[in-house]
Amino acid sequence: MQLRFQNHRFRIMLVGDPHEKPEIEKPEEKAKLDDYLRLQEAAIKALSPDLVILMGDNAGGSSPEELREVLMRMTEPYRAANVPFAFILGNHDLEWDKEFTDLQEHYDVYRTVPGCLLTDRDQVNGYGDYHLTVKQTDGDLDALNLWFIYSGNRAEPQYNSTYDFVKTEQIEWYKNAERALREKNGGQVPAVLFQHIPVPEEFRLLRKRSVFSMLADGVQGQDLRKGTFYSADRKAGTTGYVGEAPCAPDYNNGQFAAWKETGDVFAAFFGHDHMNDFVGMTDGIILGQCKTAGFRVYGDGLMQGVRVLDLDDRRPRCLETRMVRYRELVGSNCRSIKGRNKMIPDRWNVKIDVALKALPFAAAAAAPLLIHKIIKRK
Ligand SMILES: [Fe+2]
Ligand SMILES: [Fe+2]
């Protein structure tokens with residue numbers, strides 16, 4: 001199926017980290033699936049996207065048959081509305097069974113799911129990367145290109161990075177594929193890129209803070225950045241929510257530099273960090289997070305949602321984007337999130353936990369002062 005702008009508009013709906021599973025026998029497991037599907041159905045109905053993209057850490061299954069079963073039920077709302085979908089895989093997608101870890105085998109299963117735009121094995125390079133074009137409203141030129149890049153799982157020890165990064169061979173493939181597309185169209189095709197693990201340049205959208213920022217909007221870095229605290233750099237124009245430090249690789253293999261060199265990518269969106277939905281721009285490229293839409297993993301409150309991207313073929317390289325959350329689409333009718341988690345908005349959970357941990361230390365620090373004051377009065 002060839003994607004095309006309709007009346008100059010093209011809308012993409014991003015679904016972050018669903019983490020769907022085969023298990024639905026227990027009522028609490030079934031409730032999580034039902035809440036996920038409720039969100040997807042409401043989002044499709046309210047937003048009428050032209051394309052859905054699963055952003056990685058999509059679905060588990062110990063065999064091709066089991067994975068297909070999970071994928072079939074989680075994509076049912078798209079089929080019912082005749083909306084095609086594309087996908088990238090995340091770091092957890094190949095972890096379900098030691099006998100079922102081959103990337104191409106997983107892609108083969110996705111290709112059998114009706115509505116999946118990846119229909120041909122030749123569309124994908126040997127590393128799990130592919131691209132789809134969107135034709136202009138009238139005519140046969142590609143108005144937009146969509147890159148789907150596989151970002152691996154854990155990095156090899158010599159790179160001193162927990163998470164993997166896009167390999168040099170993949171970057172070379174990207175450059176060659178971009179060149180071929182440019183030649184075919186007689187000019188460069190603007191592109192949006194989708195990938196599970198973010199690039200390290202995402203930290204440019206944040207600013208460093210003190211440890212006390214943890215009580216407000218600060219988050220602590222991970223791995224090599226442990227002990228450093230961050231929040232959104234509002235002065236630099238970062239919008240949205242930073243619920244955790246980005247789990248980007250600590251090794252920079254030059255992927256972002258390649259986008260700058262090539263010049264086609266004007267926006268890139270990532271999953272992986274379930275709570276984050278911040279967006280900003282660095283070096284002229286929009287970087288954006290898509291938070292989780294799933295109910296099987298950590299999150300915060302009823303803030304699960306989908307990200308919408310609106311594009312217009314009369315305004316290349318312009319993009320409007322926003323998160324649409326469960327709370328807005330469905331309300332508080334949710335079976336798998338209960339208690340205070342249902343009541344409170346972003347970060348309050350984190351703040352309450354930090355405050356509870358900090359309370360004994362604050363009391364211990366204040367006690368000598370208090371005793372000193374009492375003795376002095378006497
Ligand atoms: Fe995830
Ligand atoms: Fe992930």
# chains A, B, ... in the order shown; residues from 1 in each chain; ligands from 1
>>> closest_atom_pairs(of="stretch 221-340 of chain A", to="stretch 142-151 of chain A", cutoff="12 Å", atoms="only C-alpha atoms", output="tab-separated table")
residue	atom	partner	partner_atom	distance
A:Ala248	CA	A:Ser151	CA	10.3
A:Pro249	CA	A:Ser151	CA	9.9
A:Asn253	CA	A:Ser151	CA	11.6
A:Gln255	CA	A:Ser151	CA	10.8
A:Trp259	CA	A:Trp147	CA	11.4
A:Asp264	CA	A:Asn145	CA	8.8
A:Val265	CA	A:Asn145	CA	8.8
A:Phe266	CA	A:Asn145	CA	10.6
A:Ala267	CA	A:Leu146	CA	10.0
A:Ala268	CA	A:Trp147	CA	9.0
A:Phe269	CA	A:Phe148	CA	10.1
A:Phe270	CA	A:Ser151	CA	10.2
A:Gly271	CA	A:Ser151	CA	10.8
A:His272	CA	A:Ser151	CA	10.4
A:Leu311	CA	A:Leu144	CA	9.0
A:Asp312	CA	A:Ala143	CA	9.2
A:Asp313	CA	A:Ala143	CA	6.1
A:Arg314	CA	A:Ala143	CA	9.0
A:Arg315	CA	A:Ala143	CA	9.9
A:Pro316	CA	A:Ala143	CA	7.6
A:Arg317	CA	A:Leu144	CA	8.9
A:Cys318	CA	A:Leu144	CA	11.1
A:Leu319	CA	A:Leu144	CA	11.5
>>> write_last_selection(atoms="N, CA and C atoms", output="tab-separated table (two decimals), in the first residue's frame")
chain	number	residue	atom	x	y	z
A	248	ALA	N	19.58	6.97	26.95
A	248	ALA	CA	20.28	6.96	25.67
A	248	ALA	C	21.61	6.22	25.84
A	249	PRO	N	22.23	5.77	24.76
A	249	PRO	CA	23.54	5.14	24.92
A	249	PRO	C	24.58	6.15	25.41
A	253	ASN	N	27.80	7.16	18.38
A	253	ASN	CA	28.36	6.61	17.14
A	253	ASN	C	28.15	7.52	15.93
A	255	GLN	N	25.31	9.05	14.79
A	255	GLN	CA	24.07	8.98	14.02
A	255	GLN	C	23.46	10.37	13.80
A	259	TRP	N	22.70	12.68	10.31
A	259	TRP	CA	21.46	13.36	9.89
A	259	TRP	C	21.78	14.79	9.47
A	264	ASP	N	18.36	15.50	5.45
A	264	ASP	CA	16.94	15.19	5.18
A	264	ASP	C	16.10	15.10	6.44
A	265	VAL	N	16.67	14.61	7.55
A	265	VAL	CA	15.89	14.37	8.76
A	265	VAL	C	15.63	15.70	9.47
A	266	PHE	N	14.38	16.10	9.55
A	266	PHE	CA	14.06	17.32	10.29
A	266	PHE	C	13.40	17.03	11.63
A	267	ALA	N	13.06	15.77	11.87
A	267	ALA	CA	12.49	15.39	13.17
A	267	ALA	C	12.72	13.91	13.42
A	268	ALA	N	12.97	13.58	14.68
A	268	ALA	CA	13.16	12.17	15.06
A	268	ALA	C	12.41	11.92	16.36
A	269	PHE	N	11.71	10.79	16.41
A	269	PHE	CA	10.91	10.46	17.60
A	269	PHE	C	11.34	9.11	18.15
A	270	PHE	N	11.29	9.01	19.48
A	270	PHE	CA	11.81	7.84	20.18
A	270	PHE	C	10.80	7.32	21.20
A	271	GLY	N	11.00	6.06	21.60
A	271	GLY	CA	10.24	5.46	22.70
A	271	GLY	C	11.19	5.18	23.85
A	272	HIS	N	11.12	3.99	24.42
A	272	HIS	CA	12.08	3.46	25.39
A	272	HIS	C	11.91	4.04	26.80
A	311	LEU	N	1.32	16.58	9.52
A	311	LEU	CA	2.20	17.08	8.46
A	311	LEU	C	1.38	17.61	7.30
A	312	ASP	N	1.99	18.53	6.54
A	312	ASP	CA	1.31	19.19	5.45
A	312	ASP	C	2.28	19.25	4.26
A	313	ASP	N	1.88	18.71	3.11
A	313	ASP	CA	2.85	18.64	2.00
A	313	ASP	C	3.09	20.00	1.34
A	314	ARG	N	2.32	21.04	1.75
A	314	ARG	CA	2.61	22.39	1.24
A	314	ARG	C	3.66	23.10	2.09
A	315	ARG	N	3.91	22.52	3.29
A	315	ARG	CA	4.89	23.13	4.20
A	315	ARG	C	5.90	22.06	4.63
A	316	PRO	N	6.81	21.69	3.69
A	316	PRO	CA	7.75	20.64	4.03
A	316	PRO	C	8.60	21.04	5.23
A	317	ARG	N	8.94	20.10	6.04
A	317	ARG	CA	9.77	20.30	7.24
A	317	ARG	C	9.03	21.02	8.37
A	318	CYS	N	7.72	21.20	8.21
A	318	CYS	CA	6.94	21.73	9.33
A	318	CYS	C	6.15	20.58	9.92
A	319	LEU	N	6.03	20.60	11.21
A	319	LEU	CA	5.36	19.48	11.87
A	319	LEU	C	4.71	19.99	13.15
>>> closest_atom_pairs(of="stretch 178-258 of chain A", to="stretch 163-167 of chain A", cutoff="12 Å", atoms="only C-alpha atoms", output="JSON lines")
{"residue": "A:Gln195", "atom": "CA", "partner": "A:Val166", "partner_atom": "CA", "distance": 9.5}
{"residue": "A:His196", "atom": "CA", "partner": "A:Phe165", "partner_atom": "CA", "distance": 10.2}
{"residue": "A:Ile197", "atom": "CA", "partner": "A:Phe165", "partner_atom": "CA", "distance": 7.6}
{"residue": "A:Pro198", "atom": "CA", "partner": "A:Phe165", "partner_atom": "CA", "distance": 8.8}
{"residue": "A:Val199", "atom": "CA", "partner": "A:Phe165", "partner_atom": "CA", "distance": 7.9}
{"residue": "A:Pro200", "atom": "CA", "partner": "A:Phe165", "partner_atom": "CA", "distance": 9.5}
{"residue": "A:Gln222", "atom": "CA", "partner": "A:Tyr163", "partner_atom": "CA", "distance": 11.0}
{"residue": "A:Asp223", "atom": "CA", "partner": "A:Tyr163", "partner_atom": "CA", "distance": 10.0}
{"residue": "A:Leu224", "atom": "CA", "partner": "A:Tyr163", "partner_atom": "CA", "distance": 11.7}
{"residue": "A:Pro246", "atom": "CA", "partner": "A:Tyr163", "partner_atom": "CA", "distance": 10.9}
{"residue": "A:Cys247", "atom": "CA", "partner": "A:Tyr163", "partner_atom": "CA", "distance": 7.3}
{"residue": "A:Ala248", "atom": "CA", "partner": "A:Tyr163", "partner_atom": "CA", "distance": 6.7}
{"residue": "A:Pro249", "atom": "CA", "partner": "A:Tyr163", "partner_atom": "CA", "distance": 4.8}
{"residue": "A:Asp250", "atom": "CA", "partner": "A:Tyr163", "partner_atom": "CA", "distance": 7.5}
{"residue": "A:Tyr251", "atom": "CA", "partner": "A:Phe165", "partner_atom": "CA", "distance": 7.4}
{"residue": "A:Asn252", "atom": "CA", "partner": "A:Phe165", "partner_atom": "CA", "distance": 7.5}
{"residue": "A:Asn253", "atom": "CA", "partner": "A:Phe165", "partner_atom": "CA", "distance": 6.9}
{"residue": "A:Gly254", "atom": "CA", "partner": "A:Val166", "partner_atom": "CA", "distance": 8.7}
{"residue": "A:Gln255", "atom": "CA", "partner": "A:Val166", "partner_atom": "CA", "distance": 6.9}
{"residue": "A:Phe256", "atom": "CA", "partner": "A:Val166", "partner_atom": "CA", "distance": 10.1}
{"residue": "A:Ala258", "atom": "CA", "partner": "A:Val166", "partner_atom": "CA", "distance": 11.2}
>>> closest_residue(among="A:Asn276, A:Asn333, A:Asn125, A:Thr238", to="ligand 1", atoms="only C-alpha atoms and all ligand atoms")
A:Asn276
>>> residues_around(residues="A:His274", least_positions_apart="2", cutoff="12 Å", atoms="only C-alpha atoms", output="ChimeraX atom specification")
/A:15-19,55-57,196-198,241-247,270-272,276-278,289-300,303-306
>>> residues_around(residues="stretch 175-178 of chain A", least_positions_apart="5", cutoff="12 Å", atoms="only C-alpha atoms", output="PyMOL selection string")
chain A and resi 123-125+129-133+144-147+168-170+183-191+255+257-265
>>> select_by_dssp(residues="stretch 219-290 of chain A", states="strand (DSSP E)", output="PyMOL selection string")
chain A and resi 219-220+229-232+265-270+279-282+285-289
>>> write_last_selection(atoms="N, CA, C and O atoms", output="PDB file, in the first residue's frame")
ATOM      1  N   VAL A 219      15.274  15.119  37.505  1.00  0.00           N
ATOM      2  CA  VAL A 219      15.432  13.657  37.440  1.00  0.00           C
ATOM      3  C   VAL A 219      16.916  13.340  37.459  1.00  0.00           C
ATOM      4  O   VAL A 219      17.731  14.132  36.977  1.00  0.00           O
ATOM      5  N   GLN A 220      17.260  12.184  38.012  1.00  0.00           N
ATOM      6  CA  GLN A 220      18.669  11.819  38.084  1.00  0.00           C
ATOM      7  C   GLN A 220      19.097  11.025  36.848  1.00  0.00           C
ATOM      8  O   GLN A 220      18.362  10.138  36.395  1.00  0.00           O
ATOM      9  N   PHE A 229      21.745  15.740  37.763  1.00  0.00           N
ATOM     10  CA  PHE A 229      20.287  15.896  37.752  1.00  0.00           C
ATOM     11  C   PHE A 229      19.873  16.825  36.611  1.00  0.00           C
ATOM     12  O   PHE A 229      20.599  17.765  36.270  1.00  0.00           O
ATOM     13  N   TYR A 230      18.697  16.542  36.041  1.00  0.00           N
ATOM     14  CA  TYR A 230      18.260  17.261  34.838  1.00  0.00           C
ATOM     15  C   TYR A 230      16.789  17.655  34.937  1.00  0.00           C
ATOM     16  O   TYR A 230      15.999  16.972  35.598  1.00  0.00           O
ATOM     17  N   SER A 231      16.453  18.710  34.212  1.00  0.00           N
ATOM     18  CA  SER A 231      15.030  18.987  33.936  1.00  0.00           C
ATOM     19  C   SER A 231      14.949  19.598  32.536  1.00  0.00           C
ATOM     20  O   SER A 231      15.982  19.917  31.932  1.00  0.00           O
ATOM     21  N   ALA A 232      13.739  19.767  32.039  1.00  0.00           N
ATOM     22  CA  ALA A 232      13.563  20.313  30.683  1.00  0.00           C
ATOM     23  C   ALA A 232      14.146  21.719  30.613  1.00  0.00           C
ATOM     24  O   ALA A 232      13.960  22.518  31.534  1.00  0.00           O
ATOM     25  N   VAL A 265      16.673  14.610   7.552  1.00  0.00           N
ATOM     26  CA  VAL A 265      15.889  14.373   8.763  1.00  0.00           C
ATOM     27  C   VAL A 265      15.634  15.704   9.473  1.00  0.00           C
ATOM     28  O   VAL A 265      16.560  16.355   9.926  1.00  0.00           O
ATOM     29  N   PHE A 266      14.376  16.097   9.553  1.00  0.00           N
ATOM     30  CA  PHE A 266      14.064  17.321  10.294  1.00  0.00           C
ATOM     31  C   PHE A 266      13.405  17.027  11.633  1.00  0.00           C
ATOM     32  O   PHE A 266      13.227  17.925  12.459  1.00  0.00           O
ATOM     33  N   ALA A 267      13.058  15.765  11.866  1.00  0.00           N
ATOM     34  CA  ALA A 267      12.486  15.390  13.167  1.00  0.00           C
ATOM     35  C   ALA A 267      12.725  13.911  13.424  1.00  0.00           C
ATOM     36  O   ALA A 267      12.719  13.105  12.485  1.00  0.00           O
ATOM     37  N   ALA A 268      12.974  13.581  14.681  1.00  0.00           N
ATOM     38  CA  ALA A 268      13.162  12.169  15.058  1.00  0.00           C
ATOM     39  C   ALA A 268      12.409  11.919  16.356  1.00  0.00           C
ATOM     40  O   ALA A 268      12.462  12.746  17.279  1.00  0.00           O
ATOM     41  N   PHE A 269      11.709  10.793  16.409  1.00  0.00           N
ATOM     42  CA  PHE A 269      10.912  10.464  17.598  1.00  0.00           C
ATOM     43  C   PHE A 269      11.343   9.109  18.149  1.00  0.00           C
ATOM     44  O   PHE A 269      11.693   8.200  17.390  1.00  0.00           O
ATOM     45  N   PHE A 270      11.286   9.013  19.484  1.00  0.00           N
ATOM     46  CA  PHE A 270      11.805   7.841  20.178  1.00  0.00           C
ATOM     47  C   PHE A 270      10.798   7.320  21.197  1.00  0.00           C
ATOM     48  O   PHE A 270       9.934   8.054  21.674  1.00  0.00           O
ATOM     49  N   VAL A 279       9.679  17.398  23.975  1.00  0.00           N
ATOM     50  CA  VAL A 279      10.041  17.670  22.587  1.00  0.00           C
ATOM     51  C   VAL A 279      10.860  18.957  22.560  1.00  0.00           C
ATOM     52  O   VAL A 279      10.566  19.899  23.292  1.00  0.00           O
ATOM     53  N   GLY A 280      11.872  19.004  21.737  1.00  0.00           N
ATOM     54  CA  GLY A 280      12.661  20.223  21.584  1.00  0.00           C
ATOM     55  C   GLY A 280      13.428  20.178  20.280  1.00  0.00           C
ATOM     56  O   GLY A 280      13.279  19.236  19.485  1.00  0.00           O
ATOM     57  N   MET A 281      14.216  21.196  20.069  1.00  0.00           N
ATOM     58  CA  MET A 281      14.981  21.247  18.820  1.00  0.00           C
ATOM     59  C   MET A 281      16.445  21.524  19.120  1.00  0.00           C
ATOM     60  O   MET A 281      16.759  22.344  19.990  1.00  0.00           O
ATOM     61  N   THR A 282      17.321  20.813  18.428  1.00  0.00           N
ATOM     62  CA  THR A 282      18.743  21.103  18.540  1.00  0.00           C
ATOM     63  C   THR A 282      19.367  21.000  17.156  1.00  0.00           C
ATOM     64  O   THR A 282      19.042  20.077  16.393  1.00  0.00           O
ATOM     65  N   ILE A 285      17.056  20.219  14.269  1.00  0.00           N
ATOM     66  CA  ILE A 285      16.339  18.938  14.182  1.00  0.00           C
ATOM     67  C   ILE A 285      15.468  18.768  15.427  1.00  0.00           C
ATOM     68  O   ILE A 285      15.942  18.911  16.559  1.00  0.00           O
ATOM     69  N   ILE A 286      14.184  18.474  15.213  1.00  0.00           N
ATOM     70  CA  ILE A 286      13.271  18.238  16.335  1.00  0.00           C
ATOM     71  C   ILE A 286      13.552  16.847  16.891  1.00  0.00           C
ATOM     72  O   ILE A 286      13.622  15.869  16.141  1.00  0.00           O
ATOM     73  N   LEU A 287      13.722  16.764  18.206  1.00  0.00           N
ATOM     74  CA  LEU A 287      13.835  15.461  18.869  1.00  0.00           C
ATOM     75  C   LEU A 287      12.653  15.343  19.825  1.00  0.00           C
ATOM     76  O   LEU A 287      12.372  16.278  20.582  1.00  0.00           O
ATOM     77  N   GLY A 288      11.961  14.224  19.787  1.00  0.00           N
ATOM     78  CA  GLY A 288      10.773  14.103  20.624  1.00  0.00           C
ATOM     79  C   GLY A 288      10.610  12.716  21.203  1.00  0.00           C
ATOM     80  O   GLY A 288      10.968  11.713  20.581  1.00  0.00           O
ATOM     81  N   GLN A 289      10.054  12.672  22.404  1.00  0.00           N
ATOM     82  CA  GLN A 289       9.785  11.400  23.068  1.00  0.00           C
ATOM     83  C   GLN A 289       8.308  11.058  22.969  1.00  0.00           C
ATOM     84  O   GLN A 289       7.453  11.941  22.984  1.00  0.00           O
TER      85      GLN A 289
END
>>> residues_around(residues="A:Tyr107", least_positions_apart="2", cutoff="12 Å", atoms="only C-alpha atoms", output="count of residues only")
37
>>> atom_distance(atom1="atom CA of A:Val134", atom2="atom CA of A:Leu39")
26.5 Å
